[in-house]
$ cat structure.json   # JSON, C-alpha atoms
[["chain", "number", "residue", "atom", "x", "y", "z"],
["A", 70, "MET", "CA", 13.85, 33.05, -1.30],
["A", 71, "SER", "CA", 11.51, 30.22, -2.15],
["A", 72, "ASN", "CA", 12.98, 27.44, -4.18],
["A", 73, "PRO", "CA", 11.14, 24.12, -3.95],
["A", 74, "VAL", "CA", 14.25, 22.05, -4.67],
["A", 75, "PHE", "CA", 16.29, 23.87, -2.02],
["A", 76, "ASP", "CA", 13.41, 23.44, 0.42],
["A", 77, "ARG", "CA", 13.37, 19.73, -0.24],
["A", 78, "ILE", "CA", 17.13, 19.42, 0.24],
["A", 79, "THR", "CA", 16.96, 21.41, 3.47],
["A", 80, "GLN", "CA", 14.23, 19.10, 4.69],
["A", 81, "ASP", "CA", 16.15, 15.94, 3.73],
["A", 82, "ILE", "CA", 19.38, 16.99, 5.42],
["A", 83, "THR", "CA", 17.52, 18.19, 8.52],
["A", 84, "GLU", "CA", 15.40, 15.09, 8.98],
["A", 85, "ASN", "CA", 18.19, 12.60, 8.32],
["A", 86, "ASP", "CA", 21.49, 12.49, 10.18],
["A", 87, "VAL", "CA", 23.47, 11.17, 7.22],
["A", 88, "VAL", "CA", 22.41, 11.88, 3.65],
["A", 89, "LEU", "CA", 24.25, 10.91, 0.50],
["A", 90, "TYR", "CA", 23.27, 12.54, -2.79],
["A", 91, "MET", "CA", 24.43, 10.01, -5.33],
["A", 92, "LYS", "CA", 23.97, 8.58, -8.80],
["A", 93, "GLY", "CA", 21.91, 5.43, -8.47],
["A", 94, "THR", "CA", 20.88, 3.82, -5.22],
["A", 95, "PRO", "CA", 22.99, 2.39, -2.39],
["A", 96, "MET", "CA", 22.16, -1.10, -3.69],
["A", 97, "PHE", "CA", 22.81, -0.18, -7.31],
["A", 98, "PRO", "CA", 25.18, 2.79, -7.63],
["A", 99, "GLN", "CA", 25.44, 4.08, -11.21],
["A", 100, "CYS", "CA", 28.83, 5.72, -10.86],
["A", 101, "GLY", "CA", 32.16, 4.60, -9.44],
["A", 102, "PHE", "CA", 32.52, 7.66, -7.21],
["A", 103, "SER", "CA", 29.08, 7.20, -5.67],
["A", 104, "ALA", "CA", 29.83, 3.50, -5.19],
["A", 105, "ALA", "CA", 33.08, 4.34, -3.41],
["A", 106, "VAL", "CA", 31.32, 6.54, -0.84],
["A", 107, "VAL", "CA", 28.57, 3.95, -0.29],
["A", 108, "GLN", "CA", 31.32, 1.44, 0.37],
["A", 109, "VAL", "CA", 33.00, 3.72, 2.92],
["A", 110, "LEU", "CA", 29.73, 4.37, 4.77],
["A", 111, "SER", "CA", 28.81, 0.69, 4.72],
["A", 112, "GLY", "CA", 32.24, -0.11, 6.11],
["A", 113, "TYR", "CA", 31.40, 2.04, 9.14],
["A", 114, "GLY", "CA", 27.97, 0.46, 9.40],
["A", 115, "VAL", "CA", 26.48, 3.95, 9.34],
["A", 116, "GLN", "CA", 22.77, 4.30, 8.59],
["A", 117, "PHE", "CA", 22.31, 6.75, 5.77],
["A", 118, "LYS", "CA", 19.69, 7.95, 3.34],
["A", 119, "GLY", "CA", 20.82, 7.63, -0.26],
["A", 120, "ILE", "CA", 19.11, 10.02, -2.66],
["A", 121, "ASP", "CA", 19.34, 9.23, -6.36],
["A", 122, "VAL", "CA", 19.85, 12.46, -8.31],
["A", 123, "LEU", "CA", 19.48, 10.62, -11.62],
["A", 124, "ALA", "CA", 15.82, 10.09, -10.77],
["A", 125, "ASP", "CA", 15.22, 13.85, -10.81],
["A", 126, "PRO", "CA", 17.11, 16.29, -13.07],
["A", 127, "SER", "CA", 15.97, 19.30, -11.03],
["A", 128, "LEU", "CA", 17.52, 17.75, -7.94],
["A", 129, "ARG", "CA", 20.70, 16.84, -9.82],
["A", 130, "ASP", "CA", 21.25, 20.50, -10.73],
["A", 131, "GLY", "CA", 19.65, 21.80, -7.55],
["A", 132, "VAL", "CA", 21.96, 20.03, -5.13],
["A", 133, "LYS", "CA", 25.01, 21.28, -7.04],
["A", 134, "ALA", "CA", 23.78, 24.85, -6.66],
["A", 135, "PHE", "CA", 22.65, 24.34, -3.07],
["A", 136, "THR", "CA", 26.06, 23.06, -1.97],
["A", 137, "ASN", "CA", 28.08, 25.19, -4.39],
["A", 138, "TRP", "CA", 29.77, 21.98, -5.46],
["A", 139, "PRO", "CA", 29.74, 20.88, -9.11],
["A", 140, "THR", "CA", 29.93, 17.12, -8.66],
["A", 141, "ILE", "CA", 28.02, 14.16, -7.26],
["A", 142, "PRO", "CA", 28.29, 12.37, -4.77],
["A", 143, "GLN", "CA", 27.82, 14.80, -1.89],
["A", 144, "LEU", "CA", 27.72, 13.73, 1.74],
["A", 145, "TYR", "CA", 25.83, 15.62, 4.42],
["A", 146, "VAL", "CA", 26.11, 14.82, 8.14],
["A", 147, "LYS", "CA", 23.72, 16.53, 10.54],
["A", 148, "GLY", "CA", 22.84, 19.12, 7.94],
["A", 149, "GLU", "CA", 26.44, 19.99, 7.18],
["A", 150, "PHE", "CA", 28.21, 19.35, 3.89],
["A", 151, "VAL", "CA", 31.25, 17.13, 4.49],
["A", 152, "GLY", "CA", 32.57, 16.61, 1.00],
["A", 153, "GLY", "CA", 32.64, 14.63, -2.21],
["A", 154, "CYS", "CA", 34.30, 11.35, -2.99],
["A", 155, "ASP", "CA", 37.94, 12.48, -2.70],
["A", 156, "ILE", "CA", 37.40, 14.11, 0.68],
["A", 157, "ILE", "CA", 35.41, 11.20, 2.10],
["A", 158, "ARG", "CA", 38.02, 8.67, 0.99],
["A", 159, "GLU", "CA", 40.81, 10.78, 2.46],
["A", 160, "MET", "CA", 38.92, 11.26, 5.74],
["A", 161, "ALA", "CA", 38.27, 7.53, 5.95],
["A", 162, "THR", "CA", 41.96, 6.82, 5.51],
["A", 163, "ASN", "CA", 43.28, 9.36, 8.01],
["A", 164, "GLY", "CA", 40.69, 8.75, 10.73],
["A", 165, "GLU", "CA", 38.91, 12.11, 10.44],
["A", 166, "LEU", "CA", 35.65, 10.44, 9.43],
["A", 167, "THR", "CA", 35.62, 8.30, 12.57],
["A", 168, "LYS", "CA", 36.12, 11.45, 14.60],
["A", 169, "LEU", "CA", 33.39, 13.30, 12.72],
["A", 170, "PHE", "CA", 30.85, 10.53, 13.36],
["A", 171, "GLN", "CA", 31.84, 10.50, 17.03],
["A", 172, "ASP", "CA", 31.61, 14.26, 17.38],
["A", 173, "LYS", "CA", 28.22, 14.34, 15.67],
["A", 174, "GLY", "CA", 26.89, 11.41, 17.67],
["A", 175, "ILE", "CA", 26.38, 9.16, 14.66],
["A", 176, "ALA", "CA", 26.21, 5.48, 15.57],
["A", 177, "VAL", "CA", 28.77, 3.29, 13.86],
["A", 178, "ALA", "CA", 28.95, -0.49, 14.01],
["A", 179, "ALA", "CA", 32.02, -1.19, 16.14],
["B", 300, "MET", "CA", 44.00, 23.73, -26.73],
["B", 301, "LYS", "CA", 43.79, 20.35, -25.11],
["B", 302, "ILE", "CA", 41.71, 20.27, -21.96],
["B", 303, "ARG", "CA", 44.59, 18.78, -20.01],
["B", 304, "ASP", "CA", 46.81, 21.71, -20.99],
["B", 305, "SER", "CA", 44.19, 24.30, -20.12],
["B", 306, "ILE", "CA", 43.66, 22.68, -16.70],
["B", 307, "GLU", "CA", 47.39, 22.77, -16.10],
["B", 308, "ARG", "CA", 47.71, 26.37, -17.23],
["B", 309, "LYS", "CA", 44.81, 27.66, -15.12],
["B", 310, "LEU", "CA", 45.95, 25.93, -11.95],
["B", 311, "THR", "CA", 49.54, 27.05, -12.47],
["B", 312, "GLU", "CA", 48.57, 30.69, -12.98],
["B", 313, "ALA", "CA", 46.11, 30.89, -10.10],
["B", 314, "LEU", "CA", 47.72, 28.69, -7.44],
["B", 315, "GLU", "CA", 51.45, 28.90, -8.22],
["B", 316, "PRO", "CA", 51.79, 25.27, -7.17],
["B", 317, "THR", "CA", 55.06, 23.86, -5.89],
["B", 318, "ARG", "CA", 53.92, 20.55, -7.32],
["B", 319, "LEU", "CA", 51.25, 19.86, -9.91],
["B", 320, "SER", "CA", 50.22, 16.78, -11.78],
["B", 321, "VAL", "CA", 47.29, 16.60, -14.19],
["B", 322, "LEU", "CA", 46.59, 13.09, -15.34],
["B", 323, "ASP", "CA", 44.17, 12.29, -18.16],
["B", 324, "GLN", "CA", 42.56, 9.01, -17.15],
["B", 325, "SER", "CA", 39.89, 9.07, -19.84],
["B", 326, "ALA", "CA", 41.14, 5.91, -21.53],
["B", 327, "GLU", "CA", 40.33, 3.89, -18.41],
["B", 328, "HIS", "CA", 36.72, 5.01, -18.67],
["B", 329, "ALA", "CA", 36.12, 4.73, -22.40],
["B", 330, "GLY", "CA", 32.65, 3.52, -23.23],
["B", 331, "HIS", "CA", 31.36, 3.94, -19.71],
["B", 332, "MET", "CA", 27.84, 5.28, -19.54],
["B", 333, "GLY", "CA", 26.91, 8.93, -19.00],
["B", 334, "HIS", "CA", 30.18, 9.95, -20.54],
["B", 335, "PRO", "CA", 29.64, 12.73, -23.05],
["B", 336, "GLY", "CA", 33.06, 14.30, -23.53],
["B", 337, "HIS", "CA", 31.79, 16.44, -26.43],
["B", 338, "GLY", "CA", 33.97, 14.57, -28.85],
["B", 339, "THR", "CA", 37.26, 15.50, -27.22],
["B", 340, "GLY", "CA", 37.65, 12.17, -25.50],
["B", 341, "GLU", "CA", 39.07, 14.03, -22.49],
["B", 342, "THR", "CA", 36.61, 13.31, -19.74],
["B", 343, "HIS", "CA", 38.34, 11.96, -16.62],
["B", 344, "PHE", "CA", 41.15, 13.71, -14.82],
["B", 345, "GLN", "CA", 43.16, 13.23, -11.67],
["B", 346, "VAL", "CA", 44.65, 16.48, -10.40],
["B", 347, "ASP", "CA", 47.20, 16.66, -7.60],
["B", 348, "VAL", "CA", 48.12, 20.14, -6.41],
["B", 349, "VAL", "CA", 50.54, 21.25, -3.74],
["B", 350, "SER", "CA", 50.27, 24.98, -3.12],
["B", 351, "ARG", "CA", 50.73, 27.61, -0.45],
["B", 352, "ALA", "CA", 47.33, 28.96, -1.51],
["B", 353, "PHE", "CA", 45.74, 26.14, 0.50],
["B", 354, "VAL", "CA", 47.28, 27.13, 3.85],
["B", 355, "GLY", "CA", 44.57, 27.68, 6.47],
["B", 356, "LYS", "CA", 41.80, 26.38, 4.20],
["B", 357, "SER", "CA", 39.56, 23.38, 4.82],
["B", 358, "LYS", "CA", 39.43, 20.53, 2.32],
["B", 359, "VAL", "CA", 36.02, 21.68, 1.14],
["B", 360, "GLU", "CA", 37.33, 25.21, 0.56],
["B", 361, "ARG", "CA", 40.37, 23.87, -1.31],
["B", 362, "ASN", "CA", 38.28, 21.70, -3.59],
["B", 363, "ARG", "CA", 35.91, 24.62, -4.23],
["B", 364, "MET", "CA", 38.89, 26.77, -5.26],
["B", 365, "VAL", "CA", 39.94, 24.17, -7.82],
["B", 366, "TYR", "CA", 36.39, 23.62, -9.05],
["B", 367, "ALA", "CA", 35.92, 27.37, -9.48],
["B", 368, "LEU", "CA", 39.11, 27.68, -11.50],
["B", 369, "LEU", "CA", 38.05, 24.80, -13.74],
["B", 370, "ALA", "CA", 34.35, 25.68, -14.02],
["B", 371, "GLU", "CA", 34.61, 26.01, -17.79],
["B", 372, "GLU", "CA", 36.16, 22.57, -18.21],
["B", 373, "ILE", "CA", 33.61, 20.96, -15.91],
["B", 374, "ALA", "CA", 30.74, 22.59, -17.79],
["B", 375, "GLY", "CA", 32.34, 21.65, -21.10],
["B", 376, "GLY", "CA", 32.44, 17.91, -20.84],
["B", 377, "VAL", "CA", 34.89, 16.93, -18.11],
["B", 378, "HIS", "CA", 32.81, 14.25, -16.49],
["B", 379, "ALA", "CA", 34.98, 13.40, -13.51],
["B", 380, "LEU", "CA", 37.66, 15.31, -11.68],
["B", 381, "SER", "CA", 39.46, 13.68, -8.78],
["B", 382, "MET", "CA", 41.84, 15.79, -6.79],
["B", 383, "SER", "CA", 44.21, 15.93, -3.91],
["B", 384, "THR", "CA", 45.01, 19.36, -2.50],
["B", 385, "SER", "CA", 47.88, 19.83, -0.06],
["B", 386, "THR", "CA", 50.02, 22.58, 1.35],
["B", 387, "PRO", "CA", 53.80, 22.22, 0.99],
["B", 388, "ASP", "CA", 54.00, 21.32, 4.72],
["B", 389, "GLU", "CA", 51.40, 18.57, 4.41],
["B", 390, "ALA", "CA", 52.97, 17.18, 1.28],
["B", 391, "GLY", "CA", 56.32, 17.00, 3.10]]

$ encode --input "structure.json" --output "structure tokens"
Amino acid sequence: MSNPVFDRITQDITENDVVLYMKGTPMFPQCGFSAAVVQVLSGYGVQFKGIDVLADPSLRDGVKAFTNWPTIPQLYVKGEFVGGCDIIREMATNGELTKLFQDKGIAVAA
Amino acid sequence: MKIRDSIERKLTEALEPTRLSVLDQSAEHAGHMGHPGHGTGETHFQVDVVSRAFVGKSKVERNRMVYALLAEEIAGGVHALSMSTSTPDEAG
């Protein structure tokens, strides 16, 4: 099946270890939930690519269909969907996110 | 029917929760941008579910179950849905 938006998403999550689909940019998040995930990732000092879905309506709908997840933000690590804001916050609190970054070989700032 | 009530009813019927709370937090977000609400004013919800239906399921799978049950509400103007999903054992 050829779907240009899906192809683009596949490329983004393959070429970048950590990708956050979000509303706004990491510097200027346009939504509290996106901002919360940016804050978590920044707290770990993890390098990530933030992709602004508001800049492209086809991507905004496309990523929801691609992931089978109706909301933004969406975090991908090494091509795998990890979760939205609630899951990321919970994983940050209970230590699962630290373990995930370790297991996937993602560098965090000590 | 109020959106809050329909969320509560759908989750109760499908998940038979041992604990369920559906909180309408829309007032805290009044006037915030990108906030359609289709005139109902019910746009932001916090849902906490404890159910045996989540046993053996990952967090992503649990959230997908809830999203699927509430697809109509999400399509119809619910702008934000936060949730916690636990099994009775996890909830303690």

$ residues_around --input "structure.json" --residues "Thr317 of chain B" --least-positions-apart "2" --cutoff "8 Å" --atoms "only C-alpha atoms" --output "JSON, numbers by chain"
{"B": [315, 319, 348, 349, 350, 351, 387]}

$ interface_residues --input "structure.json" --of "chain A" --to "chain B" --cutoff "7 Å" --atoms "only C-alpha atoms" --output "count of residues only"
4

$ atom_distance --input "structure.json" --atom1 "atom CA of Leu144 of chain A" --atom2 "atom CA of Leu89 of chain A"
4.6 Å

$ closest_residue --input "structure.json" --among "A:Pro73, A:Gly114, A:Gly119, A:Pro95" --to "Ala176 of chain A" --atoms "all atoms listed in the file"
A:Gly114

$ atom_distance --input "structure.json" --atom1 "atom CA of Arg308 of chain B" --atom2 "atom CA of Pro139 of chain A"
20.5 Å

$ closest_residue --input "structure.json" --among "B:Glu312, B:Asp388, B:Glu372, B:Asp323" --to "Val346 of chain B" --atoms "only C-alpha atoms"
B:Asp323

$ closest_residue --input "structure.json" --among "A:Ala178, A:Val74, A:Leu128, A:Val115" --to "Asp86 of chain A" --atoms "all atoms listed in the file"
A:Val115

$ atom_distance --input "structure.json" --atom1 "atom CA of Phe135 of chain A" --atom2 "atom CA of Lys147 of chain A"
15.7 Å

$ residues_around --input "structure.json" --residues "segment 105-110 of chain A" --least-positions-apart "6" --cutoff "12 Å" --atoms "only C-alpha atoms" --output "PDB file with C-alpha atoms, in the frame of the given file"
ATOM      1  CA  VAL A  87      23.470  11.170   7.220  1.00  0.00           C
ATOM      2  CA  VAL A  88      22.410  11.880   3.650  1.00  0.00           C
ATOM      3  CA  LEU A  89      24.250  10.910   0.500  1.00  0.00           C
ATOM      4  CA  TYR A  90      23.270  12.540  -2.790  1.00  0.00           C
ATOM      5  CA  MET A  91      24.430  10.010  -5.330  1.00  0.00           C
ATOM      6  CA  LYS A  92      23.970   8.580  -8.800  1.00  0.00           C
ATOM      7  CA  GLY A  93      21.910   5.430  -8.470  1.00  0.00           C
ATOM      8  CA  THR A  94      20.880   3.820  -5.220  1.00  0.00           C
ATOM      9  CA  PRO A  95      22.990   2.390  -2.390  1.00  0.00           C
ATOM     10  CA  MET A  96      22.160  -1.100  -3.690  1.00  0.00           C
ATOM     11  CA  PHE A  97      22.810  -0.180  -7.310  1.00  0.00           C
ATOM     12  CA  PRO A  98      25.180   2.790  -7.630  1.00  0.00           C
ATOM     13  CA  GLN A  99      25.440   4.080 -11.210  1.00  0.00           C
ATOM     14  CA  GLN A 116      22.770   4.300   8.590  1.00  0.00           C
ATOM     15  CA  PHE A 117      22.310   6.750   5.770  1.00  0.00           C
ATOM     16  CA  LYS A 118      19.690   7.950   3.340  1.00  0.00           C
ATOM     17  CA  GLY A 119      20.820   7.630  -0.260  1.00  0.00           C
ATOM     18  CA  ILE A 120      19.110  10.020  -2.660  1.00  0.00           C
ATOM     19  CA  ILE A 141      28.020  14.160  -7.260  1.00  0.00           C
ATOM     20  CA  PRO A 142      28.290  12.370  -4.770  1.00  0.00           C
ATOM     21  CA  GLN A 143      27.820  14.800  -1.890  1.00  0.00           C
ATOM     22  CA  LEU A 144      27.720  13.730   1.740  1.00  0.00           C
ATOM     23  CA  TYR A 145      25.830  15.620   4.420  1.00  0.00           C
ATOM     24  CA  VAL A 146      26.110  14.820   8.140  1.00  0.00           C
ATOM     25  CA  VAL A 151      31.250  17.130   4.490  1.00  0.00           C
ATOM     26  CA  GLY A 152      32.570  16.610   1.000  1.00  0.00           C
ATOM     27  CA  GLY A 153      32.640  14.630  -2.210  1.00  0.00           C
ATOM     28  CA  CYS A 154      34.300  11.350  -2.990  1.00  0.00           C
ATOM     29  CA  ASP A 155      37.940  12.480  -2.700  1.00  0.00           C
ATOM     30  CA  ILE A 156      37.400  14.110   0.680  1.00  0.00           C
ATOM     31  CA  ILE A 157      35.410  11.200   2.100  1.00  0.00           C
ATOM     32  CA  ARG A 158      38.020   8.670   0.990  1.00  0.00           C
ATOM     33  CA  GLU A 159      40.810  10.780   2.460  1.00  0.00           C
ATOM     34  CA  MET A 160      38.920  11.260   5.740  1.00  0.00           C
ATOM     35  CA  ALA A 161      38.270   7.530   5.950  1.00  0.00           C
ATOM     36  CA  THR A 162      41.960   6.820   5.510  1.00  0.00           C
ATOM     37  CA  LEU A 166      35.650  10.440   9.430  1.00  0.00           C
ATOM     38  CA  THR A 167      35.620   8.300  12.570  1.00  0.00           C
ATOM     39  CA  PHE A 170      30.850  10.530  13.360  1.00  0.00           C
ATOM     40  CA  ILE A 175      26.380   9.160  14.660  1.00  0.00           C
ATOM     41  CA  ALA A 176      26.210   5.480  15.570  1.00  0.00           C
ATOM     42  CA  VAL A 177      28.770   3.290  13.860  1.00  0.00           C
ATOM     43  CA  ALA A 178      28.950  -0.490  14.010  1.00  0.00           C
TER      44      ALA A 178
END

$ closest_residue --input "structure.json" --among "B:Val321, B:Lys356, B:His343, B:Gly376" --to "Lys309 of chain B" --atoms "all atoms listed in the file"
B:Val321

$ closest_residue --input "structure.json" --among "B:Arg303, B:Leu314, B:Gln345, B:Ala390" --to "Leu368 of chain B" --atoms "all atoms listed in the file"
B:Leu314

$ closest_residue --input "structure.json" --among "A:Ser103, A:Ser127, A:Lys173, A:Asp121" --to "Thr140 of chain A" --atoms "all atoms listed in the file"
A:Ser103
